[in-house]
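Source file start-v9.pdb; content: PDB, C-alpha atoms.
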```pdb
MODEL        1
ATOM      1  CA  MET A   5      44.068  80.538 -12.819
ATOM      2  CA  SER A   6      42.472  83.656 -11.240
ATOM      3  CA  HIS A   7      38.988  84.700 -12.256
ATOM      4  CA  LYS A   8      38.495  88.385 -12.803
ATOM      5  CA  PRO A   9      34.962  89.355 -11.688
ATOM      6  CA  ARG A  10      32.746  91.275 -14.012
ATOM      7  CA  ILE A  11      31.928  94.561 -12.334
ATOM      8  CA  PRO A  12      28.589  95.976 -13.495
ATOM      9  CA  LYS A  13      28.295  99.586 -14.465
ATOM     10  CA  PRO A  14      26.973 101.736 -11.597
ATOM     11  CA  HIS A  15      23.264 102.351 -11.830
ATOM     12  CA  PRO A  16      21.794 105.855 -12.117
ATOM     13  CA  VAL A  17      20.660 107.436  -8.868
ATOM     14  CA  ILE A  18      17.004 107.553  -9.946
ATOM     15  CA  ASP A  19      16.489 106.262 -13.483
ATOM     16  CA  ARG A  20      15.873 102.587 -14.234
ATOM     17  CA  ARG A  21      15.890 100.561 -17.425
ATOM     18  CA  GLU A  22      12.723  98.839 -16.272
ATOM     19  CA  PRO A  23       9.994 100.587 -14.283
ATOM     20  CA  LEU A  24       9.027  99.282 -10.866
ATOM     21  CA  PRO A  25       5.501  97.880 -10.432
ATOM     22  CA  TRP A  26       4.244 100.805  -8.332
ATOM     23  CA  GLU A  27       5.304 103.519 -10.774
ATOM     24  CA  HIS A  28       1.977 103.321 -12.613
ATOM     25  CA  PRO A  29      -1.559 103.258 -11.189
ATOM     26  CA  LYS A  30      -3.820 100.273 -11.509
ATOM     27  CA  PRO A  31      -5.130 100.348 -15.093
ATOM     28  CA  PRO A  32      -8.849 101.078 -15.620
ATOM     29  CA  GLU A  33      -9.267  97.944 -17.712
ATOM     30  CA  GLU A  34      -8.546  95.931 -14.567
ATOM     31  CA  GLU A  35     -10.836  97.984 -12.317
ATOM     32  CA  ALA A  36     -13.197 100.636 -13.658
ATOM     33  CA  GLU A  37     -13.393 102.548 -10.330
ATOM     34  CA  ALA A  38      -9.647 102.408  -9.652
ATOM     35  CA  GLU A  39      -8.878 105.928 -10.856
ATOM     36  CA  THR A  40     -11.656 107.488  -8.776
ATOM     37  CA  ARG A  41     -10.625 105.590  -5.666
ATOM     38  CA  LEU A  42      -6.947 106.407  -6.180
ATOM     39  CA  HIS A  43      -7.752 110.092  -6.502
ATOM     40  CA  ALA A  44      -9.695 109.998  -3.213
ATOM     41  CA  ILE A  45      -6.799 108.262  -1.459
ATOM     42  CA  MET A  46      -4.086 110.602  -2.703
ATOM     43  CA  GLN A  47      -6.094 113.803  -2.119
ATOM     44  CA  HIS A  48      -6.870 112.965   1.507
ATOM     45  CA  PRO A  49      -4.801 114.932   4.099
ATOM     46  CA  SER A  50      -3.520 111.657   5.552
ATOM     47  CA  TYR A  51      -1.492 111.104   2.358
ATOM     48  CA  VAL A  52       0.474 114.365   2.692
ATOM     49  CA  GLU A  53       3.979 113.901   4.105
ATOM     50  CA  PRO A  54       4.100 115.337   7.641
ATOM     51  CA  ASP A  55       6.698 118.017   6.906
ATOM     52  CA  HIS A  56       4.563 119.264   3.983
ATOM     53  CA  ASP A  57       1.283 119.122   5.886
ATOM     54  CA  VAL A  58       0.836 122.646   7.241
ATOM     55  CA  ASN A  59      -2.526 121.848   8.825
ATOM     56  CA  PHE A  60      -0.992 118.915  10.701
ATOM     57  CA  LEU A  61       1.983 120.992  11.854
ATOM     58  CA  HIS A  62      -0.420 123.545  13.313
ATOM     59  CA  THR A  63      -2.374 121.067  15.414
ATOM     60  CA  ASP A  64      -2.188 121.301  19.193
ATOM     61  CA  GLY A  65      -0.193 118.086  19.450
ATOM     62  CA  MET A  66       2.590 119.488  17.255
ATOM     63  CA  ARG A  67       3.201 122.592  19.382
ATOM     64  CA  GLY A  68       6.463 121.136  20.693
ATOM     65  CA  VAL A  69       7.720 120.667  17.154
ATOM     66  CA  ARG A  70       6.730 124.227  16.248
ATOM     67  CA  LEU A  71       8.548 125.565  19.293
ATOM     68  CA  GLN A  72      11.657 123.705  18.227
ATOM     69  CA  LEU A  73      11.404 125.045  14.683
ATOM     70  CA  ASP A  74      10.888 128.593  15.969
ATOM     71  CA  TYR A  75      14.159 128.279  17.877
ATOM     72  CA  GLU A  76      16.210 126.272  15.424
ATOM     73  CA  LYS A  77      15.719 128.281  12.231
ATOM     74  CA  ALA A  78      16.811 131.563  13.815
ATOM     75  CA  GLU A  79      19.698 129.879  15.620
ATOM     76  CA  ARG A  80      21.111 128.402  12.443
ATOM     77  CA  ILE A  81      20.819 131.695  10.583
ATOM     78  CA  LEU A  82      22.647 133.606  13.324
ATOM     79  CA  VAL A  83      25.397 130.987  13.459
ATOM     80  CA  GLN A  84      25.795 131.043   9.682
ATOM     81  CA  HIS A  85      26.265 134.809   9.786
ATOM     82  CA  GLY A  86      28.849 134.522  12.545
ATOM     83  CA  ILE A  87      26.885 136.659  15.000
ATOM     84  CA  GLU A  88      28.164 135.889  18.483
ATOM     85  CA  ARG A  89      27.000 138.831  20.596
ATOM     86  CA  THR A  90      24.313 141.472  20.148
ATOM     87  CA  ILE A  91      23.360 144.853  21.489
ATOM     88  CA  VAL A  92      19.590 144.572  21.754
ATOM     89  CA  VAL A  93      17.676 147.816  21.263
ATOM     90  CA  PHE A  94      14.032 148.137  22.264
ATOM     91  CA  GLY A  95      11.788 151.134  21.759
ATOM     92  CA  SER A  96       8.296 152.233  20.838
ATOM     93  CA  THR A  97       6.935 151.579  17.375
ATOM     94  CA  ARG A  98       5.327 155.015  17.734
ATOM     95  CA  LEU A  99       8.641 156.870  18.114
ATOM     96  CA  ARG A 100       8.741 159.326  15.207
ATOM     97  CA  GLU A 101      11.607 160.546  13.081
ATOM     98  CA  PRO A 102      12.104 164.234  13.961
ATOM     99  CA  ASP A 103      11.051 165.437  10.486
ATOM    100  CA  THR A 104       7.902 163.305  10.586
ATOM    101  CA  ALA A 105       7.052 164.521  14.082
ATOM    102  CA  ARG A 106       7.626 168.122  12.983
ATOM    103  CA  HIS A 107       5.290 167.792  10.002
ATOM    104  CA  GLU A 108       2.602 166.105  12.112
ATOM    105  CA  LEU A 109       2.845 168.863  14.715
ATOM    106  CA  ALA A 110       2.607 171.601  12.074
ATOM    107  CA  ALA A 111      -0.491 169.987  10.559
ATOM    108  CA  ILE A 112      -2.314 169.618  13.876
ATOM    109  CA  ARG A 113      -1.414 173.200  14.863
ATOM    110  CA  LEU A 114      -3.120 174.423  11.700
ATOM    111  CA  GLU A 115      -6.185 172.347  12.543
ATOM    112  CA  PHE A 116      -6.199 173.623  16.121
ATOM    113  CA  ALA A 117      -5.977 177.223  14.893
ATOM    114  CA  SER A 118      -9.159 176.613  12.928
ATOM    115  CA  HIS A 119     -10.910 174.774  15.793
ATOM    116  CA  PRO A 120      -9.460 176.178  19.053
ATOM    117  CA  GLY A 121     -12.406 174.950  21.095
ATOM    118  CA  ASP A 122     -12.364 171.363  19.818
ATOM    119  CA  VAL A 123     -11.412 169.093  22.727
ATOM    120  CA  ARG A 124     -10.408 166.264  20.410
ATOM    121  CA  VAL A 125      -8.051 168.477  18.401
ATOM    122  CA  LYS A 126      -6.580 169.925  21.598
ATOM    123  CA  LYS A 127      -5.793 166.414  22.788
ATOM    124  CA  LEU A 128      -4.188 165.561  19.453
ATOM    125  CA  LEU A 129      -2.092 168.735  19.699
ATOM    126  CA  ARG A 130      -0.757 167.724  23.129
ATOM    127  CA  LEU A 131       0.065 164.274  21.788
ATOM    128  CA  ALA A 132       1.855 165.708  18.735
ATOM    129  CA  GLU A 133       3.864 168.059  20.964
ATOM    130  CA  ARG A 134       4.870 165.153  23.158
ATOM    131  CA  ARG A 135       5.880 163.055  20.168
ATOM    132  CA  MET A 136       7.951 165.946  18.900
ATOM    133  CA  GLU A 137       9.787 166.078  22.224
ATOM    134  CA  LEU A 138      10.434 162.325  22.192
ATOM    135  CA  SER A 139      11.517 162.254  18.546
ATOM    136  CA  ARG A 140      15.048 163.210  19.550
ATOM    137  CA  TYR A 141      15.418 159.666  20.849
ATOM    138  CA  TYR A 142      14.959 158.357  17.311
ATOM    139  CA  ASP A 143      18.223 160.113  16.487
ATOM    140  CA  VAL A 144      19.806 158.672  19.645
ATOM    141  CA  GLY A 145      18.866 155.159  18.552
ATOM    142  CA  ARG A 146      20.106 155.821  15.025
ATOM    143  CA  GLU A 147      23.459 157.129  16.267
ATOM    144  CA  LEU A 148      23.810 154.226  18.682
ATOM    145  CA  GLY A 149      23.187 151.761  15.861
ATOM    146  CA  ARG A 150      25.879 153.474  13.794
ATOM    147  CA  MET A 151      28.383 153.315  16.651
ATOM    148  CA  ILE A 152      27.748 149.633  17.242
ATOM    149  CA  GLY A 153      27.988 148.953  13.512
ATOM    150  CA  LEU A 154      31.436 150.548  13.424
ATOM    151  CA  ALA A 155      32.643 148.860  16.626
ATOM    152  CA  GLY A 156      35.100 146.008  16.930
ATOM    153  CA  GLY A 157      36.438 144.899  13.567
ATOM    154  CA  GLY A 158      34.232 147.375  11.715
ATOM    155  CA  PRO A 159      31.201 146.762   9.487
ATOM    156  CA  ALA A 160      32.769 143.693   7.837
ATOM    157  CA  ASN A 161      32.917 141.949  11.217
ATOM    158  CA  SER A 162      29.448 140.759  12.254
ATOM    159  CA  ARG A 163      30.473 139.126  15.555
ATOM    160  CA  LEU A 164      28.803 142.018  17.425
ATOM    161  CA  ALA A 165      25.559 143.194  15.865
ATOM    162  CA  VAL A 166      22.533 145.378  16.539
ATOM    163  CA  MET A 167      19.408 143.307  17.197
ATOM    164  CA  THR A 168      15.892 144.732  17.451
ATOM    165  CA  GLY A 169      12.306 143.558  17.285
ATOM    166  CA  GLY A 170      12.378 144.471  13.607
ATOM    167  CA  GLY A 171       9.557 146.997  13.677
ATOM    168  CA  PRO A 172       9.302 150.765  13.089
ATOM    169  CA  GLY A 173      10.067 153.590  15.508
ATOM    170  CA  GLY A 174      12.876 153.030  17.989
ATOM    171  CA  MET A 175      13.724 149.633  16.546
ATOM    172  CA  GLU A 176      13.973 151.075  13.052
ATOM    173  CA  ALA A 177      16.280 153.805  14.313
ATOM    174  CA  ALA A 178      18.866 151.343  15.648
ATOM    175  CA  ASN A 179      18.719 149.102  12.584
ATOM    176  CA  ARG A 180      18.999 152.167  10.384
ATOM    177  CA  GLY A 181      22.133 153.427  12.080
ATOM    178  CA  ALA A 182      23.855 150.065  11.697
ATOM    179  CA  PHE A 183      22.683 149.848   8.063
ATOM    180  CA  GLU A 184      24.082 153.300   7.318
ATOM    181  CA  ALA A 185      27.414 152.191   8.801
ATOM    182  CA  GLY A 186      27.432 149.275   6.349
ATOM    183  CA  ALA A 187      27.053 146.650   9.076
ATOM    184  CA  GLU A 188      24.821 143.604   9.219
ATOM    185  CA  THR A 189      21.849 144.193  11.497
ATOM    186  CA  VAL A 190      19.216 141.826  12.878
ATOM    187  CA  GLY A 191      15.443 142.070  13.282
ATOM    188  CA  LEU A 192      13.236 139.550  15.065
ATOM    189  CA  ASN A 193       9.654 140.040  13.910
ATOM    190  CA  ILE A 194       6.632 138.286  15.393
ATOM    191  CA  SER A 195       3.591 137.045  13.475
ATOM    192  CA  LEU A 196       0.486 138.924  14.605
ATOM    193  CA  PRO A 197      -3.210 138.859  13.706
ATOM    194  CA  ARG A 198      -2.758 142.276  12.100
ATOM    195  CA  GLU A 199       0.151 141.945   9.675
ATOM    196  CA  GLN A 200       3.278 143.926  10.423
ATOM    197  CA  TYR A 201       6.067 144.902   8.078
ATOM    198  CA  PRO A 202       9.741 144.776   9.035
ATOM    199  CA  ASN A 203      11.603 148.051   8.837
ATOM    200  CA  PRO A 204      13.629 148.363   5.616
ATOM    201  CA  TYR A 205      17.043 148.658   7.298
ATOM    202  CA  ILE A 206      17.420 145.045   8.435
ATOM    203  CA  THR A 207      19.934 142.946   6.526
ATOM    204  CA  PRO A 208      18.163 140.594   4.090
ATOM    205  CA  GLY A 209      18.592 137.116   5.520
ATOM    206  CA  LEU A 210      18.744 138.439   9.081
ATOM    207  CA  CYS A 211      15.070 139.311   9.498
ATOM    208  CA  MET A 212      13.338 136.354  11.122
ATOM    209  CA  GLN A 213       9.658 135.965  11.914
ATOM    210  CA  PHE A 214       8.622 134.075  15.032
ATOM    211  CA  HIS A 215       5.296 132.530  15.941
ATOM    212  CA  TYR A 216       5.983 132.384  19.690
ATOM    213  CA  PHE A 217       6.895 135.413  21.785
ATOM    214  CA  ALA A 218       8.752 133.083  24.159
ATOM    215  CA  LEU A 219      11.211 131.892  21.519
ATOM    216  CA  ARG A 220      11.710 135.421  20.270
ATOM    217  CA  LYS A 221      12.540 136.502  23.819
ATOM    218  CA  LEU A 222      14.981 133.611  24.118
ATOM    219  CA  HIS A 223      16.886 134.826  21.066
ATOM    220  CA  PHE A 224      16.895 138.398  22.366
ATOM    221  CA  MET A 225      18.565 137.154  25.541
ATOM    222  CA  LYS A 226      20.857 134.403  24.263
ATOM    223  CA  ARG A 227      23.514 136.625  22.675
ATOM    224  CA  ALA A 228      22.775 139.892  24.470
ATOM    225  CA  ALA A 229      25.867 141.777  25.573
ATOM    226  CA  ALA A 230      23.612 144.686  26.561
ATOM    227  CA  ILE A 231      20.054 145.929  26.294
ATOM    228  CA  VAL A 232      19.273 149.538  25.479
ATOM    229  CA  SER A 233      15.681 150.696  25.912
ATOM    230  CA  LEU A 234      14.556 153.836  24.159
ATOM    231  CA  PRO A 235      11.230 155.288  25.326
ATOM    232  CA  GLY A 236       8.560 152.661  24.724
ATOM    233  CA  GLY A 237       5.227 151.163  25.680
ATOM    234  CA  PHE A 238       3.871 147.749  26.630
ATOM    235  CA  GLY A 239       6.150 145.776  24.304
ATOM    236  CA  THR A 240       9.289 147.564  25.481
ATOM    237  CA  LEU A 241       8.249 147.164  29.118
ATOM    238  CA  ASP A 242       7.567 143.484  28.590
ATOM    239  CA  GLU A 243      11.054 142.836  27.225
ATOM    240  CA  LEU A 244      12.745 145.158  29.730
ATOM    241  CA  PHE A 245      11.169 143.708  32.874
ATOM    242  CA  GLY A 246      11.679 140.176  31.587
ATOM    243  CA  ALA A 247      15.408 140.859  31.232
ATOM    244  CA  LEU A 248      15.624 142.569  34.633
ATOM    245  CA  THR A 249      13.918 139.599  36.279
ATOM    246  CA  LEU A 250      16.288 137.106  34.659
ATOM    247  CA  ILE A 251      19.320 139.055  35.889
ATOM    248  CA  GLN A 252      17.793 139.694  39.327
ATOM    249  CA  THR A 253      17.217 135.973  39.844
ATOM    250  CA  ARG A 254      20.639 135.121  38.348
ATOM    251  CA  LYS A 255      18.954 132.959  35.743
ATOM    252  CA  VAL A 256      21.360 134.597  33.290
ATOM    253  CA  GLU A 257      24.739 136.224  33.802
ATOM    254  CA  PRO A 258      24.461 139.976  34.404
ATOM    255  CA  PHE A 259      24.886 142.384  31.483
ATOM    256  CA  PRO A 260      24.274 146.118  31.070
ATOM    257  CA  ILE A 261      20.760 147.502  30.760
ATOM    258  CA  VAL A 262      20.589 151.162  29.770
ATOM    259  CA  LEU A 263      17.386 153.213  29.788
ATOM    260  CA  VAL A 264      17.614 156.157  27.410
ATOM    261  CA  GLY A 265      15.656 159.187  28.603
ATOM    262  CA  GLU A 266      15.733 159.353  32.392
ATOM    263  CA  ALA A 267      12.749 161.673  32.772
ATOM    264  CA  TYR A 268      10.628 159.392  30.607
ATOM    265  CA  TRP A 269      11.584 156.210  32.425
ATOM    266  CA  ARG A 270      11.188 157.702  35.901
ATOM    267  CA  GLY A 271       7.686 158.650  34.831
ATOM    268  CA  VAL A 272       6.967 155.128  33.611
ATOM    269  CA  PHE A 273       7.999 153.304  36.774
ATOM    270  CA  ASP A 274       9.062 154.532  40.198
ATOM    271  CA  VAL A 275      12.072 152.518  41.357
ATOM    272  CA  ASP A 276      12.325 154.473  44.609
ATOM    273  CA  PHE A 277       8.757 153.522  45.459
ATOM    274  CA  LEU A 278       9.545 149.846  44.863
ATOM    275  CA  LEU A 279      12.544 150.159  47.185
ATOM    276  CA  GLU A 280      10.572 151.904  49.914
ATOM    277  CA  ALA A 281       7.801 149.333  49.635
ATOM    278  CA  GLY A 282      10.313 146.533  50.014
ATOM    279  CA  SER A 283       9.297 145.055  46.679
ATOM    280  CA  ILE A 284      12.913 145.023  45.458
ATOM    281  CA  ASP A 285      16.299 145.188  47.176
ATOM    282  CA  ALA A 286      18.802 148.012  46.853
ATOM    283  CA  GLU A 287      21.043 145.897  44.621
ATOM    284  CA  ASP A 288      18.133 145.329  42.248
ATOM    285  CA  SER A 289      17.966 149.061  41.561
ATOM    286  CA  GLU A 290      21.562 148.808  40.312
ATOM    287  CA  LEU A 291      20.725 146.422  37.469
ATOM    288  CA  PHE A 292      20.233 149.354  35.085
ATOM    289  CA  TRP A 293      21.178 152.968  34.621
ATOM    290  CA  TYR A 294      20.114 155.969  32.567
ATOM    291  CA  ALA A 295      21.626 157.744  29.583
ATOM    292  CA  GLU A 296      20.585 160.651  27.404
ATOM    293  CA  THR A 297      22.836 160.298  24.383
ATOM    294  CA  ALA A 298      24.139 157.489  22.212
ATOM    295  CA  HIS A 299      27.683 158.214  23.359
ATOM    296  CA  GLU A 300      26.688 157.978  27.026
ATOM    297  CA  ALA A 301      24.919 154.693  26.439
ATOM    298  CA  TRP A 302      27.677 153.103  24.352
ATOM    299  CA  ASP A 303      30.575 154.341  26.473
ATOM    300  CA  SER A 304      28.899 153.080  29.644
ATOM    301  CA  ILE A 305      28.319 149.652  28.087
ATOM    302  CA  LEU A 306      31.976 149.427  27.056
ATOM    303  CA  ALA A 307      33.098 150.544  30.521
ATOM    304  CA  TRP A 308      30.880 147.950  32.251
ATOM    305  CA  HIS A 309      32.267 145.135  30.140
ATOM    306  CA  LYS A 310      35.840 146.297  30.733
ATOM    307  CA  VAL A 311      35.322 146.169  34.501
ATOM    308  CA  ASN A 312      33.552 142.829  34.142
ATOM    309  CA  GLY A 313      36.466 141.345  32.219
ATOM    310  CA  THR A 314      34.374 140.857  29.081
ATOM    311  CA  PRO A 315      35.566 143.649  26.742
ATOM    312  CA  LEU A 316      33.466 143.987  23.617
ATOM    313  CA  ILE A 317      36.161 145.496  21.421
ATOM    314  CA  GLY A 318      39.547 144.024  20.611
ATOM    315  CA  HIS A 319      39.099 140.770  22.538
ATOM    316  CA  GLU A 320      37.048 137.628  22.458
ATOM    317  CA  VAL A 321      33.759 138.079  24.257
ATOM    318  CA  ARG A 322      32.920 135.394  26.747
ATOM    319  CA  GLY A 323      30.049 133.202  25.573
TER     320      GLY A 323
ENDMDL
END
```
With the file now loaded, output its structure as structure tokens.
Amino acid sequence: MSHKPRIPKPHPVIDRREPLPWEHPKPPEEEAEAETRLHAIMQHPSYVEPDHDVNFLHTDGMRGVRLQLDYEKAERILVQHGIERTIVVFGSTRLREPDTARHELAAIRLEFASHPGDVRVKKLLRLAERRMELSRYYDVGRELGRMIGLAGGGPANSRLAVMTGGGPGGMEAANRGAFEAGAETVGLNISLPREQYPNPYITPGLCMQFHYFALRKLHFMKRAAAIVSLPGGFGTLDELFGALTLIQTRKVEPFPIVLVGEAYWRGVFDVDFLLEAGSIDAEDSELFWYAETAHEAWDSILAWHKVNGTPLIGHEVRG
């Protein structure tokens, strides 16, 4: 005769009918000092779980873990959003919108009219005039962002996206153009001693803040199908020359680098001098080119990829 086993009812995931011995502290009637000692034990930093212990995570010995986290969080977010390739746009945080530059120039002209002999005001006037001249590149960045946002499968397709450093000025312009086209757009901020705010045109969920410049640079490069540099300063130069060096040394596969504003960039660094000095080879001077308009920049990027066999529109882009 077969015996049918009695199968107990599955237990709850957490709840128990009877508490376990460690669920309650040692009672004070057993040890008068128990509560005080227990408090000291549980409040000590050693009792905090490692992943909740911010002070521990920021120790020198945990730098490797922090580097990994800096990389991994952004990587997972980009994968989740389906972003495969990016057009990375750099540019000065000081690049003004044309209307803003115009108002600043008008204000300083009024001040100069009242103090024509003031050296400080004269210097500010020259600076405002120069910023007014450069402000047209804000519109170039904005138009370029719009064109990229509408490229490929249109705004609903985020495989190709605008990526910037997430700040104001030239970066804002590119994010803004993509935003106005209805496309997802990425900003990679960096934590700094003086707090910065991301520009308001980045897609919520696609603005990431890095602790390490190195990991931020890695993410700029990893999916880059092109880099476009609007007029910029130290930060723009840092990213630009880093990318040029990686392509020059063949550490990464070549991709287009476009410098917007030839007169500006020729004033910033003299490529012909580097060639004549033997500091670079002739082929190194061909790693980038100049453009003046968004259409020139975008059309030249598309043409380069077509010749390279890696078309950005209508086909899979090689990873």
Exercise. How would you write, as a list in words, the residues chosen by the PyMOL selection byres ((chain A and resi 179) around 8) on this structure?
Worked result: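 On the file shown, the PyMOL selection byres ((chain A and resi 179) around 8) covers Arg146, Gly149, Val166, Met167, Thr168, Gly170, Met175, Glu176, Ala177, Ala178, Arg180, Gly181, Ala182, Phe183, Thr189, Val190, Gly191, Tyr205 and Ile206 of chain A.
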Could you take the residues named above and write them with C-alpha atoms, as a CSV table (one decimal), in the coordinates of the input?
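Once everything was written out, this is part37.csv:
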```
chain,number,residue,atom,x,y,z
A,146,ARG,CA,20.1,155.8,15.0
A,149,GLY,CA,23.2,151.8,15.9
A,166,VAL,CA,22.5,145.4,16.5
A,167,MET,CA,19.4,143.3,17.2
A,168,THR,CA,15.9,144.7,17.5
A,170,GLY,CA,12.4,144.5,13.6
A,175,MET,CA,13.7,149.6,16.5
A,176,GLU,CA,14.0,151.1,13.1
A,177,ALA,CA,16.3,153.8,14.3
A,178,ALA,CA,18.9,151.3,15.6
A,180,ARG,CA,19.0,152.2,10.4
A,181,GLY,CA,22.1,153.4,12.1
A,182,ALA,CA,23.9,150.1,11.7
A,183,PHE,CA,22.7,149.8,8.1
A,189,THR,CA,21.8,144.2,11.5
A,190,VAL,CA,19.2,141.8,12.9
A,191,GLY,CA,15.4,142.1,13.3
A,205,TYR,CA,17.0,148.7,7.3
A,206,ILE,CA,17.4,145.0,8.4
```
Exercise. So, counting all atoms listed in the file, which residue among A:Arg106, A:Arg100, A:Arg134, A:Lys221 is closest to Gly173 in chain A?
Worked result: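 Smallest separation from Gly173 in chain A among the options: A:Arg100.
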Exercise. Hey, which of A:Leu73, A:Ala228, A:Pro235, A:Pro258 ends up closest to Arg89 in chain A? Count all atoms listed in the file.
Worked result: A:Ala228
Problem set entry | Selection dump of the PyMOL selection byres ((chain A and resi 132) around 8), as JSON, numbers by chain | {"A": [105, 108, 109, 112, 128, 129, 130, 131, 133, 134, 135, 136]}
Problem set entry | Straight-line distance linking CA of Gly157 in chain A with CA of Gly209 in chain A, stated in Å to one decimal |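 Computing it gives 21.1 Å between the two atoms.
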Problem set entry | Residue IDs satisfying the PyMOL selection byres ((chain A and resi 249) around 12), as number ranges by chain | A: 225, 241-248, 250-258, 261, 284, 288-289, 291-292
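For the pair CA of Trp293 in chain A and CA of Leu148 in chain A, the interatomic distance is 16.2 Å.
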Exercise. Which residues come within 9 Å of Thr297 in chain A, counting all atoms listed in the file, excluding same-chain residues fewer than 4 positions away, as a VMD selection string?
Worked result: chain A and resid 141 144 to 145 147 to 148 264 to 265 301 to 302
Problem set entry | Nearest to Arg163 in chain A by atom-to-atom distance, counting all atoms listed in the file, from A:Met46, A:Ile91, A:Val52, A:Leu99 |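 Among A:Met46, A:Ile91, A:Val52, A:Leu99, it is A:Ile91 that comes nearest to Arg163 in chain A.
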Problem set entry | Point-to-point distance in Å for CA of Glu137 in chain A and CA of Glu266 in chain A |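 It comes out at 13.6 Å.
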Once you add 5 Å to each side, what are the centre and edge lengths of the axis-aligned box holding all listed atoms of range 75-93 of chain A? One decimal in Å, as lines of an AutoDock Vina configuration file, if you can.
```
center_x = 21.5
center_y = 137.0
center_z = 15.7
size_x = 24.7
size_y = 31.5
size_z = 22.1
```
For this session: Name the closest residue to Asn161 in chain A among the candidates A:Val262, A:Ile87, A:Leu210, A:Ala36; distances are taken between atoms, counting only C-alpha atoms.
Result: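 Among A:Val262, A:Ile87, A:Leu210, A:Ala36, it is A:Ile87 that comes nearest to Asn161 in chain A.
Residues with any atom within 8 Å of Leu154 in chain A, counting all atoms listed in the file and excluding same-chain neighbours fewer than 5 positions away, are Pro159, Ala182, Ala185 and Ala187 of chain A.
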Only C-alpha atoms, please: the residues just picked out, written as a tab-separated table (two decimals), keeping the file's coordinate frame.
```tsv
chain	number	residue	atom	x	y	z
A	159	PRO	CA	31.20	146.76	9.49
A	182	ALA	CA	23.86	150.06	11.70
A	185	ALA	CA	27.41	152.19	8.80
A	187	ALA	CA	27.05	146.65	9.08
```
Exercise. Pick the closest to Arg67 in chain A from A:Tyr51, A:Tyr294, A:Phe277, A:Tyr216: which is it, counting only C-alpha atoms?
Worked result: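 Checking each candidate against Arg67 in chain A, we get A:Tyr216 as the closest.
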